$ cat query36.txt   # compact mmCIF, C-alpha atoms
# COMPACT_ATOMS: atom_id res chain seq x y z
CA TYR A 1 8.12 -42.85 58.22
CA VAL A 2 8.23 -39.45 59.91
CA SER A 3 11.51 -40.07 61.71
CA THR A 4 13.12 -41.49 58.56
CA LEU A 5 12.21 -38.41 56.53
CA GLN A 6 13.38 -36.22 59.39
CA THR A 7 16.90 -37.64 58.97
CA HIS A 8 16.68 -36.57 55.32
CA PHE A 9 15.63 -33.02 56.27
CA VAL A 10 11.93 -33.31 55.46
CA MET A 11 9.35 -32.01 57.94
CA VAL A 12 6.31 -34.15 57.19
CA ASP A 13 3.89 -32.20 59.40
CA PRO A 14 2.81 -28.96 57.67
CA ASN A 15 1.92 -27.47 61.05
CA GLN A 16 5.52 -27.88 62.12
CA ARG A 17 6.69 -26.10 58.97
CA ARG A 18 4.13 -23.37 59.58
CA GLN A 19 5.37 -22.88 63.15
CA VAL A 20 8.97 -22.52 62.00
CA ILE A 21 8.00 -19.98 59.33
CA THR A 22 5.72 -18.02 61.67
CA GLU A 23 8.27 -17.84 64.47
CA SER A 24 10.85 -16.48 62.03
CA GLN A 25 8.65 -13.39 61.54
CA SER A 26 9.08 -12.10 65.10
CA GLN A 27 11.22 -9.17 63.94
CA SER A 28 8.41 -7.82 61.75
CA ASP A 29 5.28 -5.93 62.84
CA ARG A 30 3.14 -7.67 60.22
CA LEU A 31 2.56 -11.24 59.08
CA ASN A 32 0.91 -12.27 55.81
CA ASP A 33 -0.99 -15.43 56.74
CA HIS A 34 -1.90 -16.19 53.13
CA LEU A 35 1.77 -16.12 52.11
CA VAL A 36 2.68 -18.32 55.09
CA THR A 37 0.14 -20.90 53.91
CA GLU A 38 1.57 -20.78 50.39
CA VAL A 39 5.19 -21.08 51.47
CA VAL A 40 4.38 -23.96 53.83
CA GLY A 41 3.62 -25.98 50.72
CA LEU A 42 6.78 -24.91 48.90
CA VAL A 43 9.45 -26.05 51.36
CA GLU A 44 10.38 -29.30 53.10
CA TRP A 45 12.89 -28.03 55.66
CA PRO A 46 12.28 -24.27 56.05
CA THR A 47 15.08 -21.99 57.14
CA ALA A 48 14.56 -18.21 57.33
CA LEU A 49 17.34 -16.06 55.91
CA THR A 50 17.43 -12.27 56.07
CA ILE A 51 18.31 -10.45 52.87
CA SER A 52 18.58 -6.74 52.25
CA PHE A 53 18.21 -4.35 49.33
CA ASP A 54 19.31 -0.82 48.52
CA ALA A 55 17.36 1.62 50.70
CA ASP A 56 16.97 3.90 47.67
CA TYR A 57 14.29 1.54 46.38
CA LEU A 58 12.11 2.56 49.32
CA ALA A 59 11.30 5.64 47.24
CA LEU A 60 9.03 3.39 45.18
CA PRO A 61 5.42 3.02 46.38
CA GLU A 62 5.18 0.45 49.16
CA SER A 63 2.56 -1.49 47.22
CA VAL A 64 5.05 -2.01 44.37
CA LEU A 65 7.79 -3.27 46.69
CA VAL A 66 5.41 -5.60 48.51
CA GLN A 67 4.03 -6.93 45.21
CA VAL A 68 7.54 -7.84 44.08
CA MET A 69 8.54 -9.42 47.39
CA GLU A 70 5.35 -11.29 48.25
CA LYS A 71 3.76 -12.17 44.91
CA HIS A 72 6.76 -12.66 42.68
CA GLN A 73 9.49 -13.85 45.03
CA LYS A 74 7.50 -15.28 47.96
CA TYR A 75 9.61 -13.21 50.37
CA PHE A 76 8.32 -11.77 53.63
CA PRO A 77 8.77 -7.98 53.90
CA ILE A 78 9.89 -6.73 57.29
CA TRP A 79 7.98 -3.83 58.84
CA GLN A 80 9.21 -2.07 61.94
CA SER A 81 7.26 0.69 63.67
CA GLU A 82 4.72 0.32 60.83
CA LYS A 83 7.35 1.27 58.24
CA LEU A 84 8.67 -0.99 55.50
CA THR A 85 12.41 -1.62 55.95
CA ASN A 86 14.99 -2.52 53.32
CA HIS A 87 15.15 -6.06 54.68
CA CYS A 88 13.04 -9.14 54.04
CA LEU A 89 12.99 -12.84 54.83
CA VAL A 90 13.37 -15.64 52.34
CA ILE A 91 12.32 -19.11 53.46
CA ALA A 92 14.93 -21.39 51.92
CA ASP A 93 15.21 -25.17 51.74
CA ASN A 94 18.15 -27.36 52.76
CA VAL A 95 20.33 -24.54 54.03
CA THR A 96 23.82 -25.50 55.19
CA ASN A 97 26.84 -23.57 56.38
CA ALA A 98 28.39 -24.21 53.00
CA ASN A 99 25.57 -22.85 50.84
CA GLN A 100 23.96 -20.18 53.05
CA ALA A 101 26.03 -17.26 51.72
CA THR A 102 25.39 -18.34 48.14
CA ILE A 103 21.62 -18.56 48.73
CA ILE A 104 21.54 -15.10 50.29
CA SER A 105 23.65 -13.60 47.51
CA GLY A 106 21.55 -15.19 44.78
CA ASN A 107 18.26 -14.02 46.26
CA GLN A 108 19.57 -10.49 46.76
CA ARG A 109 20.71 -10.40 43.14
CA VAL A 110 17.26 -11.48 41.90
CA LEU A 111 15.47 -8.99 44.15
CA HIS A 112 17.74 -6.16 43.00
CA ALA A 113 16.92 -6.98 39.36
CA ARG A 114 13.19 -7.00 40.10
CA PHE A 115 13.32 -3.67 41.92
CA SER A 116 15.49 -2.17 39.20
CA ASP A 117 12.86 -3.11 36.62
CA ALA A 118 10.09 -1.68 38.81
CA LEU A 119 12.00 1.60 39.19
CA TYR A 120 12.43 1.79 35.43
CA PHE A 121 8.69 1.21 34.88
CA TRP A 122 7.86 3.84 37.52
CA GLU A 123 10.10 6.48 35.94
CA THR A 124 9.03 5.65 32.38
CA ASP A 125 5.32 5.74 33.20
CA HIS A 126 5.79 9.08 34.93
CA ALA A 127 7.23 10.61 31.77
CA GLN A 128 3.72 11.57 30.66
CA PRO A 129 0.47 12.33 32.50
CA LEU A 130 -2.03 9.53 33.10
CA ALA A 131 -4.48 11.07 30.62
CA ALA A 132 -1.98 10.46 27.81
CA TYR A 133 -2.51 6.72 28.18
CA VAL A 134 -6.26 6.79 27.58
CA SER A 135 -5.98 6.79 23.78
CA GLN A 136 -3.91 3.58 23.95
CA LEU A 137 -6.93 1.75 25.39
CA GLU A 138 -8.26 1.63 21.83
CA LYS A 139 -5.69 -1.09 21.11
CA VAL A 140 -6.88 -3.35 23.96
CA VAL A 141 -9.88 -5.61 23.37
CA PHE A 142 -12.43 -5.59 26.19
CA GLN A 143 -14.44 -8.62 25.03
CA GLN A 144 -14.49 -10.15 21.60
CA GLY A 145 -17.32 -8.48 19.71
CA LEU A 146 -17.77 -5.72 22.29
CA GLY A 147 -15.06 -3.34 21.32
CA THR A 148 -12.07 -2.05 23.24
CA LEU A 149 -11.30 -0.76 26.71
CA LEU A 150 -11.71 2.74 25.28
CA ASP A 151 -15.29 1.82 24.35
CA LYS A 152 -15.79 0.55 27.90
CA THR A 153 -14.38 3.80 29.26
CA LYS A 154 -16.91 5.81 27.27
CA ARG A 155 -19.76 3.62 28.54
CA ILE A 156 -18.58 4.11 32.13
CA GLN A 157 -18.67 7.86 31.56
CA HIS A 158 -22.33 7.59 30.50
CA LEU A 159 -23.17 5.29 33.41
CA VAL A 160 -21.68 7.45 36.16
CA LYS A 161 -23.48 10.48 34.77
CA GLN A 162 -26.76 8.55 34.82
CA LEU A 163 -26.19 7.31 38.37
CA ASN A 164 -25.33 10.77 39.64
CA GLN A 165 -28.26 12.55 38.00
CA GLU A 166 -31.04 9.99 38.42
CA ASN A 167 -30.27 9.32 42.07
CA SER A 168 -29.44 12.87 43.20
CA LEU A 169 -26.02 11.90 44.52
CA ASN A 170 -24.85 15.51 44.07
CA LEU A 171 -21.30 14.62 43.03
CA ASP A 172 -19.32 17.16 41.03
CA ALA A 173 -20.15 16.21 37.46
CA ALA A 174 -16.85 17.34 35.94
CA SER A 175 -14.72 15.48 38.49
CA LEU A 176 -16.85 12.34 38.16
CA ASP A 177 -16.54 12.38 34.38
CA ARG A 178 -12.79 12.91 34.64
CA ALA A 179 -12.42 9.97 37.03
CA ALA A 180 -14.44 7.76 34.65
CA TYR A 181 -12.28 8.91 31.72
CA LEU A 182 -9.08 7.95 33.56
CA CYS A 183 -10.20 4.84 35.42
CA LYS A 184 -8.72 2.28 32.99
CA ALA A 185 -5.74 4.32 31.77
CA ASP A 186 -3.17 2.61 33.98
CA LEU A 187 -3.93 -0.77 32.34
CA VAL A 188 -1.62 0.22 29.48
CA THR A 189 1.24 1.45 31.67
CA GLN A 190 4.39 -0.63 31.93
CA MET A 191 4.04 -1.10 35.69
CA VAL A 192 0.55 -2.62 35.49
CA TYR A 193 1.53 -4.71 32.47
CA GLU A 194 4.24 -6.28 34.62
CA PHE A 195 2.23 -6.31 37.85
CA PRO A 196 -1.50 -6.64 36.92
CA ALA A 197 -2.59 -6.77 40.57
CA LEU A 198 -1.60 -3.10 40.86
CA GLN A 199 -4.36 -1.92 38.51
CA GLY A 200 -6.07 1.08 40.03
CA VAL A 201 -3.34 1.44 42.63
CA MET A 202 -0.86 2.71 40.04
CA GLY A 203 -3.54 4.80 38.37
CA SER A 204 -4.07 6.53 41.68
CA PHE A 205 -0.34 7.20 42.12
CA TYR A 206 0.09 8.51 38.57
CA ALA A 207 -3.04 10.67 38.83
CA GLN A 208 -1.69 12.44 41.90
CA LYS A 209 0.74 14.27 39.63
CA THR A 210 -1.94 16.11 37.64
CA GLU A 211 -5.38 15.39 39.09
CA ALA A 212 -7.34 16.35 42.20
CA ASP A 213 -7.02 14.02 45.19
CA VAL A 214 -10.69 13.00 45.00
CA ILE A 215 -10.14 11.74 41.45
CA ALA A 216 -6.89 9.94 42.23
CA ASN A 217 -8.53 8.22 45.21
CA ALA A 218 -11.55 7.16 43.13
CA LEU A 219 -9.28 5.43 40.60
CA ARG A 220 -7.93 3.17 43.33
CA GLU A 221 -11.29 2.58 45.00
CA HIS A 222 -13.25 1.65 41.89
CA TYR A 223 -11.71 -1.85 41.92
CA LEU A 224 -12.98 -2.45 45.47
CA PRO A 225 -14.10 -4.83 46.83
CA LEU A 226 -11.46 -7.21 45.48
CA GLN A 227 -13.12 -10.22 47.10
CA SER A 228 -16.13 -11.22 49.15
CA GLN A 229 -16.19 -9.35 52.46
CA GLY A 230 -13.29 -7.25 51.17
CA GLN A 231 -12.62 -3.57 51.71
CA LEU A 232 -15.25 -1.31 50.13
CA PRO A 233 -14.87 2.13 48.56
CA GLU A 234 -15.06 4.88 51.15
CA SER A 235 -15.65 7.86 48.89
CA PRO A 236 -18.96 8.33 47.04
CA MET A 237 -17.08 9.01 43.81
CA GLY A 238 -15.09 5.79 44.10
CA ALA A 239 -18.31 3.91 44.87
CA VAL A 240 -20.18 5.30 41.85
CA LEU A 241 -17.25 4.46 39.61
CA ALA A 242 -17.14 0.93 41.06
CA LEU A 243 -20.88 0.45 40.45
CA ALA A 244 -20.70 1.66 36.85
CA ASP A 245 -17.68 -0.50 36.06
CA ARG A 246 -19.29 -3.65 37.48
CA ILE A 247 -22.70 -3.13 35.90
CA ASP A 248 -21.06 -2.56 32.53
CA THR A 249 -19.08 -5.80 32.87
CA ILE A 250 -22.13 -7.76 34.00
CA VAL A 251 -24.32 -6.53 31.14
CA ALA A 252 -21.48 -7.07 28.66
CA CYS A 253 -21.29 -10.73 29.65
CA TYR A 254 -25.02 -11.22 29.07
CA VAL A 255 -25.02 -9.25 25.82
CA ASN A 256 -22.12 -11.41 24.65
CA ASP A 257 -23.67 -14.72 25.82
CA GLN A 258 -20.98 -15.17 28.47
CA ILE A 259 -23.60 -16.19 31.01
CA PRO A 260 -22.43 -17.83 34.26
CA THR A 261 -23.59 -21.35 34.99
CA SER A 262 -23.82 -23.36 38.19
CA SER A 263 -20.25 -24.59 37.70
CA LYS A 264 -18.57 -21.89 35.62
CA ASP A 265 -18.21 -18.15 35.99
CA PRO A 266 -14.88 -17.32 34.32
CA LEU A 267 -15.56 -13.59 34.07
CA GLY A 268 -16.61 -13.22 37.70
CA VAL A 269 -20.21 -12.09 37.15
CA ARG A 270 -21.35 -13.34 40.57
CA ARG A 271 -18.49 -11.56 42.29
CA ALA A 272 -19.31 -8.35 40.41
CA MET A 273 -22.99 -8.62 41.38
CA LEU A 274 -22.20 -9.14 45.05
CA GLY A 275 -19.81 -6.19 44.87
CA VAL A 276 -22.62 -3.99 43.58
CA LEU A 277 -24.93 -5.06 46.41
CA ALA A 278 -22.25 -4.63 49.08
CA ILE A 279 -21.53 -1.07 47.90
CA LEU A 280 -25.22 -0.12 47.81
CA ASP A 281 -25.68 -1.57 51.29
CA HIS A 282 -22.59 0.22 52.62
CA PHE A 283 -23.74 3.62 51.36
CA GLN A 284 -27.43 2.92 51.99
CA TRP A 285 -28.24 4.08 48.46
CA SER A 286 -31.64 3.31 46.99
CA ILE A 287 -31.01 2.75 43.29
CA ASN A 288 -33.38 1.12 40.82
CA LEU A 289 -31.12 -1.60 39.44
CA VAL A 290 -33.62 -2.66 36.77
CA GLU A 291 -33.64 0.83 35.28
CA PHE A 292 -29.88 1.09 35.56
CA ILE A 293 -29.40 -2.27 33.81
CA ASN A 294 -31.76 -1.09 31.05
CA PHE A 295 -29.68 2.04 30.60
CA SER A 296 -26.49 -0.03 30.53
CA TYR A 297 -27.96 -2.20 27.77
CA SER A 298 -28.70 0.94 25.74
CA CYS A 299 -25.04 1.96 25.94
CA PHE A 300 -24.05 -1.13 23.95
CA GLY A 301 -26.38 -0.21 21.10
CA LYS A 302 -27.22 -3.87 20.56
CA SER A 303 -30.27 -6.05 21.07
CA GLU A 304 -31.36 -6.58 24.64
CA SER A 305 -30.36 -10.25 24.55
CA ASN A 306 -30.64 -12.25 27.76
CA LYS A 307 -32.00 -9.28 29.71
CA ASP A 308 -34.69 -11.34 31.43
CA GLN A 309 -32.10 -13.93 32.42
CA LEU A 310 -29.93 -11.20 33.88
CA ARG A 311 -32.79 -9.77 35.94
CA SER A 312 -33.63 -13.22 37.32
CA PHE A 313 -30.02 -13.95 38.12
CA PHE A 314 -29.61 -10.59 39.84
CA LEU A 315 -32.69 -11.24 41.98
CA LEU A 316 -31.15 -14.52 43.12
CA ARG A 317 -27.93 -12.68 44.04
CA VAL A 318 -29.96 -10.10 46.00
CA LYS A 319 -31.68 -12.85 47.95
CA HIS A 320 -28.37 -14.62 48.57
CA TYR A 321 -26.73 -11.38 49.76
CA MET A 322 -29.60 -10.59 52.13
CA MET A 323 -29.53 -14.08 53.60
CA GLU A 324 -25.74 -13.96 54.08
CA SER A 325 -26.07 -10.53 55.71
CA GLY A 326 -28.81 -11.72 58.08
CA ILE A 327 -31.35 -9.32 56.60
CA ILE A 328 -33.81 -12.09 55.83
$ encode --input "query36.txt" --output "structure tokens"
Amino acid sequence: YVSTLQTHFVMVDPNQRRQVITESQSQSDRLNDHLVTEVVGLVEWPTALTISFDADYLALPESVLVQVMEKHQKYFPIWQSEKLTNHCLVIADNVTNANQATIISGNQRVLHARFSDALYFWETDHAQPLAAYVSQLEKVVFQQGLGTLLDKTKRIQHLVKQLNQENSLNLDAASLDRAAYLCKADLVTQMVYEFPALQGVMGSFYAQKTEADVIANALREHYLPLQSQGQLPESPMGAVLALADRIDTIVACYVNDQIPTSSKDPLGVRRAMLGVLAILDHFQWSINLVEFINFSYSCFGKSESNKDQLRSFFLLRVKHYMMESGII
């Protein structure tokens, strides 16, 4: 079976395909293992081809270029001396001497179009300051029955103020309020509409044009951690913003009867809860979560539905986090 498929240019063993793909990355300083795993399942007879793009596109933020190459095109960026180059690898299938040039040309044409769009989004978004996008959040529904993203922004402003004052965090109140006001603004930019994974990242870039560095950095950090055991916010302002955003989302789900079950958690309530606990642990902050949840409920101006369920569920998450962390 294996030898027969081999004659038809099919590598049956995924480990063999992985080895071929991994070895092709020797010219790059970095290797994305997750992308390797994905591409292993996309090809039968992998062949690495080097393609290039106009070096002028390197003026775009690296995160934008990598998002296009890795997420959209499944290409492997090439870093040398820790700098992104204007070359990347495409893992193609069934490459022959006759079709190799066509495959390279076609992939370069697609990549150029993608980067051209990204450059257009970048320049268009930059035409106005980040703060100008906040009013557009009124057109985006947060959750059915719970208003818009502008309503969520206003709640976050109340929550960060409460966190800062009640816990004596001593953060600059004006800067913290400004960061909360801007934290969701990039969601209505063209770049984030096209590349949703860049939320926060683009807000940080756009904020650098008009805002203080501490604010721009907090906009990026407030989405952290992105996953369990992921990178955490490093600045206190980014951490407070992250806590407020997550608590608001968690309470919103319970207010709106979007309660996670043993098998379903479509809105990521568990992940948000564990993010809250990881941030508190990282900063060694002692915050009364019960009081903070109560305050968050008051920001919705609705009945305190499912509050007891939320407290119980949060206690279970605390216990789970402490066990996973070896605390108990």
$ atom_distance --input "query36.txt" --atom1 "atom CA of A:Val36" --atom2 "atom CA of A:Val66"
14.6 Å
$ axis_aligned_box --input "query36.txt" --around "stretch 50-60 of chain A" --padding-each-side "6 Å" --output "lines of an AutoDock Vina configuration file"
center_x = 14.2
center_y = -3.3
center_z = 50.6
size_x = 22.3
size_y = 29.9
size_z = 22.9
$ closest_atom_pairs --input "query36.txt" --of "stretch 249-295 of chain A" --to "stretch 302-315 of chain A" --cutoff "12 Å" --atoms "only C-alpha atoms" --output "CSV"
residue,atom,partner,partner_atom,distance
A:Ile250,CA,A:Leu310,CA,8.5
A:Val251,CA,A:Leu310,CA,7.8
A:Ala252,CA,A:Ser305,CA,10.3
A:Cys253,CA,A:Leu310,CA,9.6
A:Tyr254,CA,A:Asn306,CA,5.9
A:Val255,CA,A:Ser305,CA,5.6
A:Asn256,CA,A:Ser305,CA,8.3
A:Asp257,CA,A:Asn306,CA,7.6
A:Gln258,CA,A:Asn306,CA,10.1
A:Ile259,CA,A:Leu310,CA,8.6
A:Pro260,CA,A:Phe313,CA,9.4
A:Thr261,CA,A:Phe313,CA,10.3
A:Ser262,CA,A:Phe313,CA,11.3
A:Val269,CA,A:Phe314,CA,9.9
A:Arg270,CA,A:Phe314,CA,8.7
A:Arg271,CA,A:Phe314,CA,11.4
A:Ala272,CA,A:Phe314,CA,10.6
A:Met273,CA,A:Phe314,CA,7.1
A:Leu274,CA,A:Phe314,CA,9.2
A:Gly275,CA,A:Phe314,CA,11.9
A:Val276,CA,A:Phe314,CA,10.3
A:Leu277,CA,A:Phe314,CA,9.8
A:Asn288,CA,A:Arg311,CA,11.9
A:Leu289,CA,A:Arg311,CA,9.0
A:Val290,CA,A:Arg311,CA,7.2
A:Glu291,CA,A:Arg311,CA,10.7
A:Phe292,CA,A:Arg311,CA,11.2
A:Ile293,CA,A:Arg311,CA,8.5
A:Asn294,CA,A:Lys307,CA,8.3
A:Phe295,CA,A:Glu304,CA,10.6
$ residues_around --input "query36.txt" --residues "stretch 224-235 of chain A" --least-positions-apart "6" --cutoff "12 Å" --atoms "only C-alpha atoms" --output "PyMOL selection string"
chain A and resi 169+171+176+197-201+213-218+241-243+245-246+268+270-283+321+324-325
$ residues_around --input "query36.txt" --residues "A:Ile51" --least-positions-apart "4" --cutoff "8 Å" --atoms "only C-alpha atoms" --output "NGL selection string"
:A and (87-90 or 104 or 107-108)
$ residues_around --input "query36.txt" --residues "A:Gly106" --least-positions-apart "3" --cutoff "12 Å" --atoms "only C-alpha atoms" --output "list in words"
Leu49, Ile51, Ser52, Val90, Ala92, Asn99, Gln100, Ala101, Thr102, Ile103, Arg109, Val110, Leu111, His112 and Ala113 of chain A
$ atom_distance --input "query36.txt" --atom1 "atom CA of A:Gln27" --atom2 "atom CA of A:Gln80"
7.6 Å
$ residues_around --input "query36.txt" --residues "A:Ala180" --least-positions-apart "5" --cutoff "10 Å" --atoms "only C-alpha atoms" --output "list in words"
Lys152, Thr153, Lys154, Arg155, Ile156, Gln157, His158, Leu159, Val160, Lys161, Ala174, Ser175, Ala185, Ile215, Ala218, Leu219, His222, Met237, Gly238, Val240, Leu241, Ala242, Ala244 and Asp245 of chain A
$ atom_distance --input "query36.txt" --atom1 "atom CA of A:Val141" --atom2 "atom CA of A:Lys209"
27.8 Å
$ closest_residue --input "query36.txt" --among "A:Ile91, A:Leu65, A:Lys184, A:Thr7" --to "A:Ser24" --atoms "only C-alpha atoms"
A:Ile91
$ residues_near_point --input "query36.txt" --point "(3.5, 4.7, 44.5)" --cutoff "6 Å" --atoms "only C-alpha atoms" --output "PyMOL selection string"
chain A and resi 60-61+205
$ residues_around --input "query36.txt" --residues "A:Glu38" --least-positions-apart "2" --cutoff "12 Å" --atoms "only C-alpha atoms" --output "VMD selection string"
chain A and resid 14 17 to 18 21 32 to 36 40 to 43 70 to 71 73 to 76 91
$ closest_residue --input "query36.txt" --among "A:Phe115, A:Tyr1, A:Phe300, A:Trp45" --to "A:Asp151" --atoms "all atoms listed in the file"
A:Phe300
$ closest_residue --input "query36.txt" --among "A:His320, A:His72, A:His126, A:Lys264" --to "A:Ala207" --atoms "all atoms listed in the file"
A:His126
$ closest_residue --input "query36.txt" --among "A:Gln284, A:Ser28, A:Glu138, A:Ala127" --to "A:Leu84" --atoms "all atoms listed in the file"
A:Ser28
$ closest_residue --input "query36.txt" --among "A:Val2, A:Val64, A:Leu146, A:Ala239" --to "A:Leu163" --atoms "only C-alpha atoms"
A:Ala239
$ closest_residue --input "query36.txt" --among "A:Gln190, A:Thr50, A:Ser105, A:Ser81" --to "A:Asp125" --atoms "all atoms listed in the file"
A:Gln190
